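K.L.:
My structure is below; once you've seen it, I'll send some questions.
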Amino acid sequence: MTAEAAAPASESVGSLTPRAEMVTHEARHRMQRMLFFASGIGAIVFGALLLTGGGGIISQMEQLAPIYAWASLSVVILLPASFVVLPFVLPIRAMYALAATVSIGFVVAELLWVPAMLPEFLSHDASPWLQGVTAMAATITAVRWQGRWVWAYALATGPIVAVNQILARKDSTLDAVLDGLGGMVFSLILMGVAMAVVMAADRQDRVAGRARTQASHEAVRRSRDREQTRINAIVHDDVMSVLLTAGRLDPADGLVEQAARALGAISAITEDQTERAFYSPEEFTAALRSTVNDAIGAVDFSFSLRDSTPIPPVVVAATTEALGEAMRNSARYAGAGDVPVTRQVHVDVSSAGIEVVARDTGCGFSPRAVGPRRLGIRVSIMERMESIPRGKASVESHPGSGTTVTLSWSRS
């Protein structure tokens, strides 16, 4: 074993261990964006239905203070209507801020409705148009926040709606109470549906996170086992070579250096340094070649070693596991009838890092058609590499055009 392979580089291995928490919120955020989009469609539909008529938005705009009338219309109708586009172009945190604006703005608009009225009562014995979008505001609130306290939003809107209607219309107490109860129940139902959908997405994220963590830990364990076997083999070869050479009548030159290397290997193990041993570029390439041969065999394997800096074992573990999964996928799915499939793997090690490109000429596939429960590509390849700092992976494929998998890791 060389001193270079046994000693850590300037970057500690500890910083490259897999992250304990690998749970993302991909499913949750995707579902929230879709629910925001649905709310935007609802805002457009309800806005169009409430626009005209004796109790419509246009008619009641003239019966309210202008500043309040336009502000309430903007926050309660126009801003939610923009959700048909904004969830797909803005970060999720920005959508959270806009959703909170709608949620809080609706309550403020309800509380200020009566003070903003110019006549004592609304014309045509109409109800405030705000009451037509109570459930929409409640749904947006449930998409933005989850928790028991969110139910208080719908429960509070019932009395607010009833009081507003009583104060805005003549002799409408019974109708106001019924409208308040109806709006509250409808809001509770839609909030329950929205929260159930978001929580289901959360569960999907947690399950995927546990699968990623388990796959990462299993890969590290296998990497450590391979590392231990490799070191034991090196030590065995060094020690036996020294003993055989020393037993000769005329020992060869360099026996002292050879013995020093053997002692260094033994010392590394006794000092519990085996888990810190880095791979040389040659050992890294050999590990990848062995992984490819174990997975599929007939592959055109090439490499370019332009740097001699050792590679951390966690990087080797992630790359070999991801490449192995890519080769196994190619063996299972790339073939189409009797059409021969060629496969190539090229390894490039440079001062910037590593890049492994695996290509096949198989039937290919559409990455969008891969279901979320199919964890082979997403977990074993993509997120296996992304579980280490500065690791990346990409899969490019089209039906009939083969598949290219690129695994890379940057040193800085």
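By order of appearance in the structure tokens: chains A, B, ..., then residues from 1 within every chain, and ligands from 1 in the order shown.
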Can you tell me which residues surround Gly391 (chain A) at a distance of at most 9 Å, considering only C-alpha atoms, apart from same-chain residues fewer than 5 positions away, and format the answer as a list in words?

P.N.:
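Listing them by chain and then by number gives Val315, Ala318, Arg384, Met385, Glu386, Leu407, Ser408, Trp409 and Ser410 of chain A.
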
K.L.:
Residues of the last selection are to be written out with C-alpha atoms, as an mmCIF file, in the first residue's frame.

P.N.:
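selection.cif written:
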```cif
data_model
loop_
_atom_site.group_PDB
_atom_site.id
_atom_site.type_symbol
_atom_site.label_atom_id
_atom_site.label_comp_id
_atom_site.auth_asym_id
_atom_site.auth_seq_id
_atom_site.Cartn_x
_atom_site.Cartn_y
_atom_site.Cartn_z
ATOM 1 C CA VAL A 315 -17.228 8.854 -3.950
ATOM 2 C CA ALA A 318 -21.534 6.119 -4.960
ATOM 3 C CA ARG A 384 -27.144 8.051 -5.151
ATOM 4 C CA MET A 385 -24.650 10.440 -6.746
ATOM 5 C CA GLU A 386 -26.393 13.520 -5.350
ATOM 6 C CA LEU A 407 -21.880 10.342 -13.347
ATOM 7 C CA SER A 408 -19.629 13.116 -12.102
ATOM 8 C CA TRP A 409 -18.017 14.420 -8.937
ATOM 9 C CA SER A 410 -16.164 17.695 -8.505
#
```

K.L.:
Can you tell me which residues surround Ser172 (chain A) at a distance of at most 9 Å, considering only C-alpha atoms, apart from same-chain residues fewer than 6 positions away, and format the answer as a PyMOL selection string?

P.N.:
chain A and resi 125+165-166

K.L.:
I need the helix (DSSP H, G or I) residues of region 92-177 of chain A per DSSP on the backbone, written as JSON, numbers by chain.

P.N.:
{"A": [92, 93, 94, 95, 96, 97, 98, 99, 100, 101, 102, 103, 104, 105, 106, 107, 108, 109, 110, 111, 112, 113, 114, 115, 116, 123, 124, 125, 129, 130, 131, 132, 133, 134, 135, 136, 137, 138, 139, 140, 141, 142, 143, 144, 148, 149, 150, 151, 152, 153, 154, 155, 156, 157, 158, 159, 160, 161, 162, 163, 164, 165, 166, 167, 168, 173, 174, 175, 176, 177]}

K.L.:
Kindly indicate which residue among A:Glu110, A:Asp307, A:Asp171, A:Glu321 lies nearest to Ala126 (chain A), using only C-alpha atoms for the distances.

P.N.:
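For Ala126 (chain A), the nearest of the candidates is A:Asp171.
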
K.L.:
What is the distance between CA of Arg289 (chain A) and CA of Thr320 (chain A), in Å to one decimal?

P.N.:
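Going from CA of Arg289 (chain A) over to CA of Thr320 (chain A), I get 9.1 Å.
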
K.L.:
Find the spatial neighbours of Ile77 (chain A), counting only C-alpha atoms, within a cut-off of 7 Å - ignore same-chain residues fewer than 4 positions away - and output them as an mmCIF file with N, CA and C atoms, in the first residue's frame.

P.N.:
```cif
data_model
loop_
_atom_site.group_PDB
_atom_site.id
_atom_site.type_symbol
_atom_site.label_atom_id
_atom_site.label_comp_id
_atom_site.auth_asym_id
_atom_site.auth_seq_id
_atom_site.Cartn_x
_atom_site.Cartn_y
_atom_site.Cartn_z
ATOM 1 N N ALA A 43 -60.546 30.660 -9.178
ATOM 2 C CA ALA A 43 -60.673 32.113 -9.066
ATOM 3 C C ALA A 43 -61.212 32.719 -10.363
ATOM 4 N N GLY A 47 -64.805 34.335 -10.363
ATOM 5 C CA GLY A 47 -64.773 35.750 -10.711
ATOM 6 C C GLY A 47 -65.695 36.063 -11.872
ATOM 7 N N LEU A 73 -60.676 43.394 -4.666
ATOM 8 C CA LEU A 73 -60.753 42.674 -5.937
ATOM 9 C C LEU A 73 -59.392 42.126 -6.343
ATOM 10 N N ALA A 81 -56.229 34.366 -9.406
ATOM 11 C CA ALA A 81 -56.347 34.007 -10.821
ATOM 12 C C ALA A 81 -54.977 33.855 -11.480
#
```

K.L.:
Taking only C-alpha atoms into account, name the residue in A:Leu323, A:Thr285, A:Arg332, A:Ala317 that is nearest to Arg359 (chain A).

P.N.:
A:Leu323

K.L.:
Name all residues at most 7 Å from Val347 (chain A) (count only C-alpha atoms; drop same-chain ones fewer than 4 positions away) and give them as a PyMOL selection string.

P.N.:
chain A and resi 302-304+355-357

K.L.:
Store the residues picked out above, limited to N, CA and C atoms, as a PDB file, in the first residue's frame.

P.N.:
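The result, stored in again27.pdb:
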```pdb
ATOM      1  N   SER A 302     -13.086   2.078 -21.427  1.00  0.00           N
ATOM      2  CA  SER A 302     -11.904   2.899 -21.661  1.00  0.00           C
ATOM      3  C   SER A 302     -11.759   3.911 -20.535  1.00  0.00           C
ATOM      4  N   PHE A 303     -10.565   4.472 -20.399  1.00  0.00           N
ATOM      5  CA  PHE A 303     -10.342   5.429 -19.327  1.00  0.00           C
ATOM      6  C   PHE A 303      -9.225   6.388 -19.691  1.00  0.00           C
ATOM      7  N   SER A 304      -9.265   7.539 -19.023  1.00  0.00           N
ATOM      8  CA  SER A 304      -8.232   8.556 -19.173  1.00  0.00           C
ATOM      9  C   SER A 304      -7.891   9.076 -17.784  1.00  0.00           C
ATOM     10  N   GLU A 355     -15.480  11.887 -14.081  1.00  0.00           N
ATOM     11  CA  GLU A 355     -16.672  11.791 -14.909  1.00  0.00           C
ATOM     12  C   GLU A 355     -16.705  10.403 -15.522  1.00  0.00           C
ATOM     13  N   VAL A 356     -17.823   9.737 -15.358  1.00  0.00           N
ATOM     14  CA  VAL A 356     -18.026   8.400 -15.908  1.00  0.00           C
ATOM     15  C   VAL A 356     -19.227   8.474 -16.833  1.00  0.00           C
ATOM     16  N   VAL A 357     -19.021   8.104 -18.101  1.00  0.00           N
ATOM     17  CA  VAL A 357     -20.087   8.144 -19.094  1.00  0.00           C
ATOM     18  C   VAL A 357     -20.343   6.729 -19.588  1.00  0.00           C
TER      19      VAL A 357
END
```

K.L.:
Near region 136-153 of chain A, within 7 Å and counting only C-alpha atoms, which residues show up once chain neighbours fewer than 3 positions away are dropped, as a ChimeraX atom specification?

P.N.:
/A:32,35-36,39,96,99,102-103,106,133,156-157,187,190-191,194-195

K.L.:
Please provide the set of residues having any atom within 9 Å of region 61-65 of chain A, restricted to only C-alpha atoms, with same-chain residues fewer than 4 positions apart removed, written as a ChimeraX atom specification.

P.N.:
/A:56-57,69-70,113-119,122-123

K.L.:
Select, from A:Val299, A:Ala331, A:Ile388, A:Leu51, the residue with the minimum atom-to-atom distance to Gln344 (chain A), counting only C-alpha atoms.

P.N.:
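Closest to Gln344 (chain A) of all the choices is A:Val299.
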
K.L.:
Would you mind listing what lies within 6 Å of Arg28 (chain A) as a list in words, with only C-alpha atoms counted and same-chain residues fewer than 3 positions away left out?

P.N.:
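Final neighbour list, sorted by chain and number: His25, Met31, Val198, Ala201 and Asp202 of chain A.
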
K.L.:
If I take CA of His398 (chain A) and CA of Thr342 (chain A), how far is one from the other in Å, to one decimal?

P.N.:
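Interatomic distance, CA of His398 (chain A) to CA of Thr342 (chain A): 16.2 Å.
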
K.L.:
CA of Pro340 (chain A) and CA of Ala286 (chain A) are how many Å apart?

P.N.:
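Separation between CA of Pro340 (chain A) and CA of Ala286 (chain A): 26.6 Å.
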